[in-house]
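> Next comes the structure file upload-v5.cif, holding mmCIF, N, CA and C atoms.
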data_work
loop_
_atom_site.label_atom_id
_atom_site.label_comp_id
_atom_site.auth_asym_id
_atom_site.auth_seq_id
_atom_site.Cartn_x
_atom_site.Cartn_y
_atom_site.Cartn_z
N MET A 176 17.59 9.24 19.48
CA MET A 176 18.63 9.18 18.46
C MET A 176 18.02 8.69 17.15
N LEU A 177 18.32 9.36 16.08
CA LEU A 177 17.83 8.99 14.76
C LEU A 177 18.66 7.84 14.20
N ARG A 178 17.98 6.77 13.84
CA ARG A 178 18.68 5.62 13.26
C ARG A 178 18.40 5.61 11.76
N THR A 179 19.42 5.30 11.00
CA THR A 179 19.27 5.29 9.54
C THR A 179 19.31 3.84 9.04
N LYS A 180 18.72 3.65 7.86
CA LYS A 180 18.72 2.35 7.19
C LYS A 180 19.12 2.57 5.75
N ARG A 181 19.74 1.60 5.18
CA ARG A 181 20.01 1.63 3.75
C ARG A 181 18.72 1.25 3.03
N ILE A 182 18.51 1.83 1.88
CA ILE A 182 17.29 1.54 1.12
C ILE A 182 17.21 0.05 0.79
N THR A 183 18.34 -0.56 0.49
CA THR A 183 18.32 -1.98 0.14
C THR A 183 17.86 -2.87 1.30
N GLU A 184 17.99 -2.37 2.53
CA GLU A 184 17.54 -3.13 3.70
C GLU A 184 16.01 -3.16 3.81
N THR A 185 15.34 -2.27 3.09
CA THR A 185 13.89 -2.18 3.19
C THR A 185 13.17 -3.08 2.19
N TYR A 186 13.88 -3.60 1.19
CA TYR A 186 13.24 -4.44 0.18
C TYR A 186 12.66 -5.69 0.82
N ASP A 187 11.45 -6.05 0.41
CA ASP A 187 10.69 -7.20 0.91
C ASP A 187 10.26 -7.03 2.37
N MET A 188 10.36 -5.83 2.89
CA MET A 188 9.91 -5.57 4.26
C MET A 188 8.38 -5.54 4.28
N LYS A 189 7.79 -6.07 5.34
CA LYS A 189 6.33 -6.09 5.50
C LYS A 189 5.82 -4.68 5.76
N VAL A 190 4.68 -4.33 5.14
CA VAL A 190 4.07 -3.01 5.30
C VAL A 190 2.73 -3.18 6.02
N PHE A 191 2.55 -2.45 7.11
CA PHE A 191 1.31 -2.47 7.88
C PHE A 191 0.74 -1.06 7.97
N THR A 192 -0.57 -0.95 8.11
CA THR A 192 -1.19 0.36 8.35
C THR A 192 -1.04 0.70 9.82
N ASP A 193 -1.31 1.96 10.16
CA ASP A 193 -1.24 2.36 11.56
C ASP A 193 -2.36 1.75 12.38
N GLN A 194 -3.29 1.06 11.72
CA GLN A 194 -4.37 0.35 12.40
C GLN A 194 -4.03 -1.12 12.62
N GLY A 195 -2.82 -1.55 12.16
CA GLY A 195 -2.36 -2.91 12.38
C GLY A 195 -2.73 -3.89 11.28
N GLU A 196 -3.23 -3.40 10.15
CA GLU A 196 -3.65 -4.27 9.05
C GLU A 196 -2.48 -4.48 8.09
N TYR A 197 -2.22 -5.75 7.73
CA TYR A 197 -1.14 -6.07 6.78
C TYR A 197 -1.52 -5.55 5.41
N PHE A 198 -0.60 -4.80 4.77
CA PHE A 198 -0.89 -4.12 3.51
C PHE A 198 -0.21 -4.79 2.32
N GLY A 199 1.08 -5.12 2.43
CA GLY A 199 1.84 -5.71 1.33
C GLY A 199 3.32 -5.72 1.69
N ASP A 200 4.17 -5.83 0.67
CA ASP A 200 5.63 -5.86 0.87
C ASP A 200 6.28 -4.76 0.04
N VAL A 201 7.34 -4.16 0.56
CA VAL A 201 8.09 -3.13 -0.16
C VAL A 201 8.81 -3.79 -1.33
N GLU A 202 8.63 -3.21 -2.51
CA GLU A 202 9.30 -3.74 -3.69
C GLU A 202 10.52 -2.87 -4.05
N GLU A 203 10.35 -1.55 -4.00
CA GLU A 203 11.47 -0.66 -4.26
C GLU A 203 11.16 0.75 -3.80
N CYS A 204 12.18 1.58 -3.77
CA CYS A 204 12.06 2.98 -3.37
C CYS A 204 12.16 3.86 -4.61
N VAL A 205 11.31 4.87 -4.69
CA VAL A 205 11.37 5.84 -5.77
C VAL A 205 12.14 7.04 -5.22
N VAL A 206 13.31 7.32 -5.81
CA VAL A 206 14.19 8.37 -5.29
C VAL A 206 14.29 9.51 -6.30
N THR A 207 14.22 10.76 -5.80
CA THR A 207 14.47 11.93 -6.63
C THR A 207 15.66 12.66 -6.04
N LEU A 208 16.68 12.87 -6.83
CA LEU A 208 17.96 13.45 -6.39
C LEU A 208 18.47 12.71 -5.16
N SER A 209 18.25 13.21 -3.97
CA SER A 209 18.76 12.53 -2.78
C SER A 209 17.67 12.24 -1.76
N LYS A 210 16.41 12.33 -2.17
CA LYS A 210 15.30 12.12 -1.24
C LYS A 210 14.44 10.94 -1.68
N ALA A 211 13.86 10.27 -0.70
CA ALA A 211 12.88 9.22 -1.01
C ALA A 211 11.57 9.92 -1.36
N PHE A 212 11.08 9.68 -2.56
CA PHE A 212 9.83 10.29 -3.03
C PHE A 212 8.63 9.41 -2.69
N GLY A 213 8.82 8.11 -2.85
CA GLY A 213 7.73 7.18 -2.60
C GLY A 213 8.26 5.76 -2.52
N TRP A 214 7.35 4.84 -2.20
CA TRP A 214 7.69 3.44 -2.03
C TRP A 214 6.73 2.59 -2.84
N ARG A 215 7.27 1.72 -3.69
CA ARG A 215 6.41 0.82 -4.44
C ARG A 215 6.14 -0.40 -3.57
N VAL A 216 4.86 -0.62 -3.29
CA VAL A 216 4.44 -1.74 -2.43
C VAL A 216 3.71 -2.74 -3.32
N LYS A 217 4.18 -3.98 -3.29
CA LYS A 217 3.55 -5.01 -4.12
C LYS A 217 2.44 -5.71 -3.34
N ALA A 218 1.40 -6.04 -4.05
CA ALA A 218 0.29 -6.77 -3.46
C ALA A 218 0.72 -8.21 -3.24
N THR A 219 0.52 -8.69 -2.03
CA THR A 219 0.88 -10.07 -1.71
C THR A 219 -0.34 -10.81 -1.19
N ARG A 220 -0.27 -12.10 -1.27
CA ARG A 220 -1.36 -12.94 -0.80
C ARG A 220 -1.60 -12.68 0.69
N GLY A 221 -2.83 -12.43 1.06
CA GLY A 221 -3.16 -12.19 2.46
C GLY A 221 -3.13 -10.72 2.85
N GLY A 222 -2.66 -9.85 1.96
CA GLY A 222 -2.60 -8.43 2.27
C GLY A 222 -3.87 -7.71 1.84
N SER A 223 -4.18 -6.62 2.50
CA SER A 223 -5.39 -5.87 2.16
C SER A 223 -5.27 -5.24 0.78
N LEU A 224 -4.06 -4.97 0.32
CA LEU A 224 -3.86 -4.38 -0.99
C LEU A 224 -4.32 -5.32 -2.10
N SER A 225 -4.04 -6.59 -2.00
CA SER A 225 -4.46 -7.53 -3.04
C SER A 225 -5.97 -7.67 -3.09
N ARG A 226 -6.64 -7.54 -1.94
CA ARG A 226 -8.11 -7.59 -1.94
C ARG A 226 -8.70 -6.34 -2.59
N LEU A 227 -8.07 -5.20 -2.40
CA LEU A 227 -8.58 -3.95 -2.96
C LEU A 227 -8.33 -3.84 -4.46
N LEU A 228 -7.15 -4.26 -4.91
CA LEU A 228 -6.76 -4.04 -6.29
C LEU A 228 -7.11 -5.17 -7.24
N GLY A 229 -7.38 -6.32 -6.72
CA GLY A 229 -7.68 -7.45 -7.59
C GLY A 229 -6.45 -7.92 -8.33
N SER A 230 -6.39 -7.67 -9.65
CA SER A 230 -5.28 -8.19 -10.46
C SER A 230 -4.10 -7.23 -10.57
N ALA A 231 -4.19 -6.02 -10.03
CA ALA A 231 -3.07 -5.08 -10.10
C ALA A 231 -1.90 -5.59 -9.25
N LYS A 232 -0.70 -5.19 -9.61
CA LYS A 232 0.48 -5.72 -8.93
C LYS A 232 0.88 -4.94 -7.69
N GLY A 233 0.47 -3.68 -7.58
CA GLY A 233 0.86 -2.89 -6.41
C GLY A 233 0.53 -1.42 -6.58
N VAL A 234 1.01 -0.62 -5.64
CA VAL A 234 0.79 0.83 -5.65
C VAL A 234 2.07 1.53 -5.21
N ILE A 235 2.12 2.84 -5.46
CA ILE A 235 3.21 3.66 -4.95
C ILE A 235 2.66 4.50 -3.81
N ILE A 236 3.28 4.37 -2.65
CA ILE A 236 2.88 5.11 -1.46
C ILE A 236 3.81 6.32 -1.33
N PRO A 237 3.27 7.55 -1.30
CA PRO A 237 4.13 8.71 -1.10
C PRO A 237 4.87 8.62 0.24
N HIS A 238 6.10 9.08 0.27
CA HIS A 238 6.91 8.98 1.48
C HIS A 238 6.28 9.74 2.65
N GLN A 239 5.49 10.77 2.38
CA GLN A 239 4.84 11.53 3.45
C GLN A 239 3.86 10.68 4.24
N LEU A 240 3.37 9.60 3.67
CA LEU A 240 2.40 8.74 4.35
C LEU A 240 3.07 7.61 5.13
N VAL A 241 4.40 7.54 5.09
CA VAL A 241 5.13 6.54 5.87
C VAL A 241 5.34 7.11 7.27
N LYS A 242 4.85 6.38 8.27
CA LYS A 242 4.98 6.85 9.65
C LYS A 242 6.27 6.38 10.30
N ALA A 243 6.68 5.15 10.03
CA ALA A 243 7.89 4.62 10.65
C ALA A 243 8.47 3.49 9.80
N ILE A 244 9.79 3.37 9.87
CA ILE A 244 10.50 2.28 9.22
C ILE A 244 11.44 1.68 10.25
N GLY A 245 11.26 0.42 10.54
CA GLY A 245 12.12 -0.28 11.49
C GLY A 245 12.24 -1.72 11.04
N ASP A 246 11.72 -2.63 11.83
CA ASP A 246 11.65 -4.03 11.41
C ASP A 246 10.53 -4.22 10.40
N ILE A 247 9.54 -3.32 10.44
CA ILE A 247 8.43 -3.30 9.49
C ILE A 247 8.20 -1.85 9.06
N PHE A 248 7.42 -1.68 8.00
CA PHE A 248 6.98 -0.36 7.55
C PHE A 248 5.63 -0.09 8.19
N ILE A 249 5.41 1.11 8.66
CA ILE A 249 4.09 1.51 9.13
C ILE A 249 3.66 2.72 8.31
N ILE A 250 2.50 2.59 7.65
CA ILE A 250 1.99 3.68 6.82
C ILE A 250 0.68 4.20 7.38
N ASN A 251 0.33 5.40 6.99
CA ASN A 251 -0.91 6.02 7.40
C ASN A 251 -2.08 5.31 6.70
N LYS A 252 -3.17 5.16 7.39
CA LYS A 252 -4.37 4.52 6.84
C LYS A 252 -4.86 5.25 5.58
N ALA A 253 -4.54 6.55 5.46
CA ALA A 253 -4.96 7.33 4.29
C ALA A 253 -4.30 6.84 3.01
N ALA A 254 -3.27 6.04 3.11
CA ALA A 254 -2.58 5.51 1.92
C ALA A 254 -3.40 4.44 1.21
N ILE A 255 -4.37 3.88 1.90
CA ILE A 255 -5.18 2.81 1.31
C ILE A 255 -6.21 3.41 0.37
N PRO A 256 -6.22 2.97 -0.89
CA PRO A 256 -7.22 3.49 -1.83
C PRO A 256 -8.62 3.13 -1.35
N SER A 257 -9.53 4.08 -1.48
CA SER A 257 -10.91 3.80 -1.07
C SER A 257 -11.84 4.20 -2.20
N PHE A 258 -12.98 3.56 -2.23
CA PHE A 258 -13.98 3.85 -3.25
C PHE A 258 -15.15 4.54 -2.58
N SER A 259 -15.72 5.52 -3.27
CA SER A 259 -16.87 6.22 -2.70
C SER A 259 -18.08 5.30 -2.70
N ASP A 260 -19.08 5.64 -1.90
CA ASP A 260 -20.30 4.85 -1.84
C ASP A 260 -20.98 4.79 -3.20
N GLU A 261 -20.88 5.89 -3.95
CA GLU A 261 -21.49 5.94 -5.27
C GLU A 261 -20.87 4.91 -6.19
N GLU A 262 -19.53 4.82 -6.20
CA GLU A 262 -18.84 3.85 -7.05
C GLU A 262 -19.17 2.43 -6.64
N SER A 263 -19.17 2.15 -5.34
CA SER A 263 -19.45 0.79 -4.89
C SER A 263 -20.89 0.42 -5.16
N GLY A 264 -21.79 1.40 -5.10
CA GLY A 264 -23.19 1.14 -5.42
C GLY A 264 -23.36 0.78 -6.88
N GLU A 265 -22.64 1.49 -7.76
CA GLU A 265 -22.71 1.18 -9.18
C GLU A 265 -22.13 -0.19 -9.47
N MET A 266 -21.06 -0.55 -8.79
CA MET A 266 -20.47 -1.87 -9.00
C MET A 266 -21.45 -2.95 -8.58
N GLY A 267 -22.15 -2.72 -7.51
CA GLY A 267 -23.13 -3.70 -7.04
C GLY A 267 -24.24 -3.88 -8.04
N LYS A 268 -24.70 -2.78 -8.67
CA LYS A 268 -25.77 -2.86 -9.66
C LYS A 268 -25.31 -3.65 -10.88
N GLU A 269 -24.06 -3.45 -11.31
CA GLU A 269 -23.55 -4.18 -12.45
C GLU A 269 -23.49 -5.67 -12.16
N GLU A 270 -23.10 -6.02 -10.96
CA GLU A 270 -23.04 -7.44 -10.61
C GLU A 270 -24.44 -8.05 -10.64
N ILE A 271 -25.44 -7.32 -10.17
CA ILE A 271 -26.81 -7.83 -10.17
C ILE A 271 -27.30 -8.02 -11.60
N ARG A 272 -27.00 -7.07 -12.47
CA ARG A 272 -27.42 -7.18 -13.88
C ARG A 272 -26.74 -8.36 -14.56
N ALA A 273 -25.47 -8.58 -14.24
CA ALA A 273 -24.74 -9.67 -14.87
C ALA A 273 -25.32 -11.03 -14.47
N GLU A 274 -25.86 -11.12 -13.24
CA GLU A 274 -26.41 -12.38 -12.78
C GLU A 274 -27.79 -12.65 -13.37
N ALA A 275 -28.53 -11.60 -13.65
CA ALA A 275 -29.92 -11.77 -14.12
C ALA A 275 -30.03 -12.26 -15.53
#
Could you quickly redo this structure as structure tokens?


Amino acid sequence: MLRTKRITETYDMKVFTDQGEYFGDVEECVVTLSKAFGWRVKATRGGSLSRLLGSAKGVIIPHQLVKAIGDIFIINKAAIPSFSDEESGEMGKEEIRAEA
């Protein structure tokens, strides 16, 4: 049986990846006409999102990447921003130069 929730019930709900990693908290829903387009997830202390983004406040997760909504949100691991090896290598070089 399909169970429905009001959008307001999802605010401040904990968001986890399908791998069990805490991601952040739902801040609001982005709605187009009558469909959920995406979810704004705020970076919170202890969440993987705050470690990835640094000083940014959050991200918008497309609704297609949401796997389940119940007591918690479960999103696909693909929703997590990732950096290529090339970018991370360049960042490492800049840090070394700054220290020297």

> Can you tell me how far CA of Ser230 in chain A sits from atom N of Ile249 in chain A, in Å to one decimal?

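These two atoms are separated by 23.8 Å.
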
> From the options A:Thr179, A:Thr185, A:Ser225, A:Gln194, which residue's atoms come nearest to Asn251 in chain A, counting only N, CA and C atoms?

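Residue with the minimum atom-to-atom distance to Asn251 in chain A: A:Gln194.
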
> Could you tell me, as a ChimeraX atom specification, which residues of chain A DSSP assigns to strand (DSSP E) when given the backbone?

/A:189-192,197-207,210-217,233-237,241-244,248-250

> Within 5 Å of range 200-208 of chain A, counting all atoms listed in the file, which residues qualify if same-chain residues fewer than 4 places away don't, as a ChimeraX atom specification?

/A:186-190,212-217

> Using only C-alpha atoms, which residue out of A:Gly229, A:Gly245, A:Gly199, A:Gly221 lies closest to Ile182 in chain A?

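Among the listed residues, A:Gly245 lies closest to Ile182 in chain A.
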
> If I take atom C of Gln239 in chain A and atom C of Phe198 in chain A, how far is one from the other in Å, to one decimal?

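That distance, rounded to one decimal, is 16.1 Å.
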
> Work out how far apart CA of Leu177 in chain A and CA of Glu196 in chain A are and give it in Å to one decimal.

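Separation of CA of Leu177 in chain A and CA of Glu196 in chain A: 25.9 Å.
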
> Using only N, CA and C atoms, can you tell me which of A:Ile247, A:Ala211, A:Ala218, A:Ala254 comes closest to Gly233 in chain A?

A:Ala218

> Using the file's own x, y and z axes, what box holds all listed atoms of range 178-193 of chain A with 3 Å on each side, keeping edges along x, y and z, and what are its centre and edge lengths in Å to one decimal, as lines of an AutoDock Vina configuration file?


center_x = 8.8
center_y = -0.2
center_z = 7.0
size_x = 28.4
size_y = 20.0
size_z = 19.7

> Can you list, as a PyMOL selection string, every protein, DNA or RNA residue that comes within 8 Å of Asp193 in chain A when you count all atoms listed in the file, leaving out same-chain residues fewer than 5 positions away?

chain A and resi 242+248-253

> Pick the closest to Gly222 in chain A from A:Thr192, A:Tyr197, A:Ile255, A:Thr183: which is it, counting all atoms listed in the file?

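Result for the nearest residue to Gly222 in chain A: A:Tyr197.
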
> Quick one: DSSP helix (DSSP H, G or I) residues in chain A, as JSON, numbers by chain?

{"A": [182, 183, 184, 185, 223, 224, 225, 226, 227, 228, 238, 239, 240, 252, 253, 254, 260, 261, 262, 263, 264, 265, 266, 267, 268, 269, 270, 271, 272, 273, 274]}

> Which of these, A:Ile244, A:Ser209, A:Glu184, A:Thr219, has the shortest distance to Lys232 in chain A once you count all atoms listed in the file?

A:Thr219

> Select range 183-256 of chain A in the preceding structure and write C-alpha atoms to a file as a PDB file, in the first residue's frame.


ATOM      1  CA  THR A 183       5.537  19.927   5.704  1.00  0.00           C
ATOM      2  CA  GLU A 184       6.084  16.629   7.557  1.00  0.00           C
ATOM      3  CA  THR A 185       9.425  16.200   5.786  1.00  0.00           C
ATOM      4  CA  TYR A 186      11.013  19.448   6.996  1.00  0.00           C
ATOM      5  CA  ASP A 187      14.031  18.874   9.276  1.00  0.00           C
ATOM      6  CA  MET A 188      13.921  15.163   8.453  1.00  0.00           C
ATOM      7  CA  LYS A 189      17.313  13.403   8.539  1.00  0.00           C
ATOM      8  CA  VAL A 190      18.761  12.465   5.120  1.00  0.00           C
ATOM      9  CA  PHE A 191      20.917   9.349   4.722  1.00  0.00           C
ATOM     10  CA  THR A 192      22.563   7.791   1.673  1.00  0.00           C
ATOM     11  CA  ASP A 193      21.684   4.270   0.602  1.00  0.00           C
ATOM     12  CA  GLN A 194      25.062   3.305   2.083  1.00  0.00           C
ATOM     13  CA  GLY A 195      23.935   4.437   5.564  1.00  0.00           C
ATOM     14  CA  GLU A 196      25.959   7.673   5.718  1.00  0.00           C
ATOM     15  CA  TYR A 197      24.301  10.722   7.341  1.00  0.00           C
ATOM     16  CA  PHE A 198      24.035  13.471   4.700  1.00  0.00           C
ATOM     17  CA  GLY A 199      22.106  16.429   6.186  1.00  0.00           C
ATOM     18  CA  ASP A 200      18.570  17.638   6.969  1.00  0.00           C
ATOM     19  CA  VAL A 201      15.679  18.489   4.630  1.00  0.00           C
ATOM     20  CA  GLU A 202      15.153  22.236   4.526  1.00  0.00           C
ATOM     21  CA  GLU A 203      12.396  22.518   1.916  1.00  0.00           C
ATOM     22  CA  CYS A 204      10.819  20.971  -1.166  1.00  0.00           C
ATOM     23  CA  VAL A 205      11.109  22.492  -4.637  1.00  0.00           C
ATOM     24  CA  VAL A 206       7.719  22.021  -6.324  1.00  0.00           C
ATOM     25  CA  THR A 207       6.766  22.562  -9.972  1.00  0.00           C
ATOM     26  CA  LEU A 208       3.016  22.665 -10.640  1.00  0.00           C
ATOM     27  CA  SER A 209       1.970  19.577  -8.670  1.00  0.00           C
ATOM     28  CA  LYS A 210       5.180  17.527  -8.583  1.00  0.00           C
ATOM     29  CA  ALA A 211       8.182  17.482  -6.281  1.00  0.00           C
ATOM     30  CA  PHE A 212      11.124  18.584  -8.434  1.00  0.00           C
ATOM     31  CA  GLY A 213      13.843  18.463  -5.809  1.00  0.00           C
ATOM     32  CA  TRP A 214      14.714  18.746  -2.136  1.00  0.00           C
ATOM     33  CA  ARG A 215      16.920  21.383  -0.552  1.00  0.00           C
ATOM     34  CA  VAL A 216      19.155  19.648   1.981  1.00  0.00           C
ATOM     35  CA  LYS A 217      21.038  21.814   4.454  1.00  0.00           C
ATOM     36  CA  ALA A 218      24.515  20.944   5.617  1.00  0.00           C
ATOM     37  CA  THR A 219      24.513  20.115   9.311  1.00  0.00           C
ATOM     38  CA  ARG A 220      27.241  19.452  11.802  1.00  0.00           C
ATOM     39  CA  GLY A 221      28.335  15.824  11.579  1.00  0.00           C
ATOM     40  CA  GLY A 222      26.900  15.282   8.090  1.00  0.00           C
ATOM     41  CA  SER A 223      28.969  14.275   5.082  1.00  0.00           C
ATOM     42  CA  LEU A 224      27.570  17.248   3.170  1.00  0.00           C
ATOM     43  CA  SER A 225      29.198  19.794   5.488  1.00  0.00           C
ATOM     44  CA  ARG A 226      32.563  18.046   5.085  1.00  0.00           C
ATOM     45  CA  LEU A 227      32.268  18.127   1.289  1.00  0.00           C
ATOM     46  CA  LEU A 228      31.002  21.680   0.875  1.00  0.00           C
ATOM     47  CA  GLY A 229      32.902  23.503   3.571  1.00  0.00           C
ATOM     48  CA  SER A 230      31.171  26.868   4.007  1.00  0.00           C
ATOM     49  CA  ALA A 231      28.232  26.262   1.616  1.00  0.00           C
ATOM     50  CA  LYS A 232      24.821  25.976   3.243  1.00  0.00           C
ATOM     51  CA  GLY A 233      23.427  23.015   1.308  1.00  0.00           C
ATOM     52  CA  VAL A 234      22.472  21.444  -2.015  1.00  0.00           C
ATOM     53  CA  ILE A 235      19.361  20.615  -4.013  1.00  0.00           C
ATOM     54  CA  ILE A 236      18.844  16.897  -4.548  1.00  0.00           C
ATOM     55  CA  PRO A 237      16.714  15.990  -7.597  1.00  0.00           C
ATOM     56  CA  HIS A 238      13.628  14.006  -6.618  1.00  0.00           C
ATOM     57  CA  GLN A 239      14.720  11.157  -8.932  1.00  0.00           C
ATOM     58  CA  LEU A 240      17.620  10.440  -6.555  1.00  0.00           C
ATOM     59  CA  VAL A 241      15.325  10.007  -3.529  1.00  0.00           C
ATOM     60  CA  LYS A 242      14.878   6.291  -2.868  1.00  0.00           C
ATOM     61  CA  ALA A 243      12.493   6.396   0.096  1.00  0.00           C
ATOM     62  CA  ILE A 244      10.757   8.796   2.458  1.00  0.00           C
ATOM     63  CA  GLY A 245       9.515   7.502   5.797  1.00  0.00           C
ATOM     64  CA  ASP A 246      10.893   8.325   9.217  1.00  0.00           C
ATOM     65  CA  ILE A 247      14.073   9.367   7.371  1.00  0.00           C
ATOM     66  CA  PHE A 248      15.011  10.288   3.797  1.00  0.00           C
ATOM     67  CA  ILE A 249      17.111   7.802   1.854  1.00  0.00           C
ATOM     68  CA  ILE A 250      18.908   9.126  -1.216  1.00  0.00           C
ATOM     69  CA  ASN A 251      21.044   7.495  -3.865  1.00  0.00           C
ATOM     70  CA  LYS A 252      24.807   7.696  -3.297  1.00  0.00           C
ATOM     71  CA  ALA A 253      25.035   9.386  -6.733  1.00  0.00           C
ATOM     72  CA  ALA A 254      23.527  12.514  -5.155  1.00  0.00           C
ATOM     73  CA  ILE A 255      26.763  13.199  -3.286  1.00  0.00           C
ATOM     74  CA  PRO A 256      28.988  15.659  -5.161  1.00  0.00           C
TER      75      PRO A 256
END
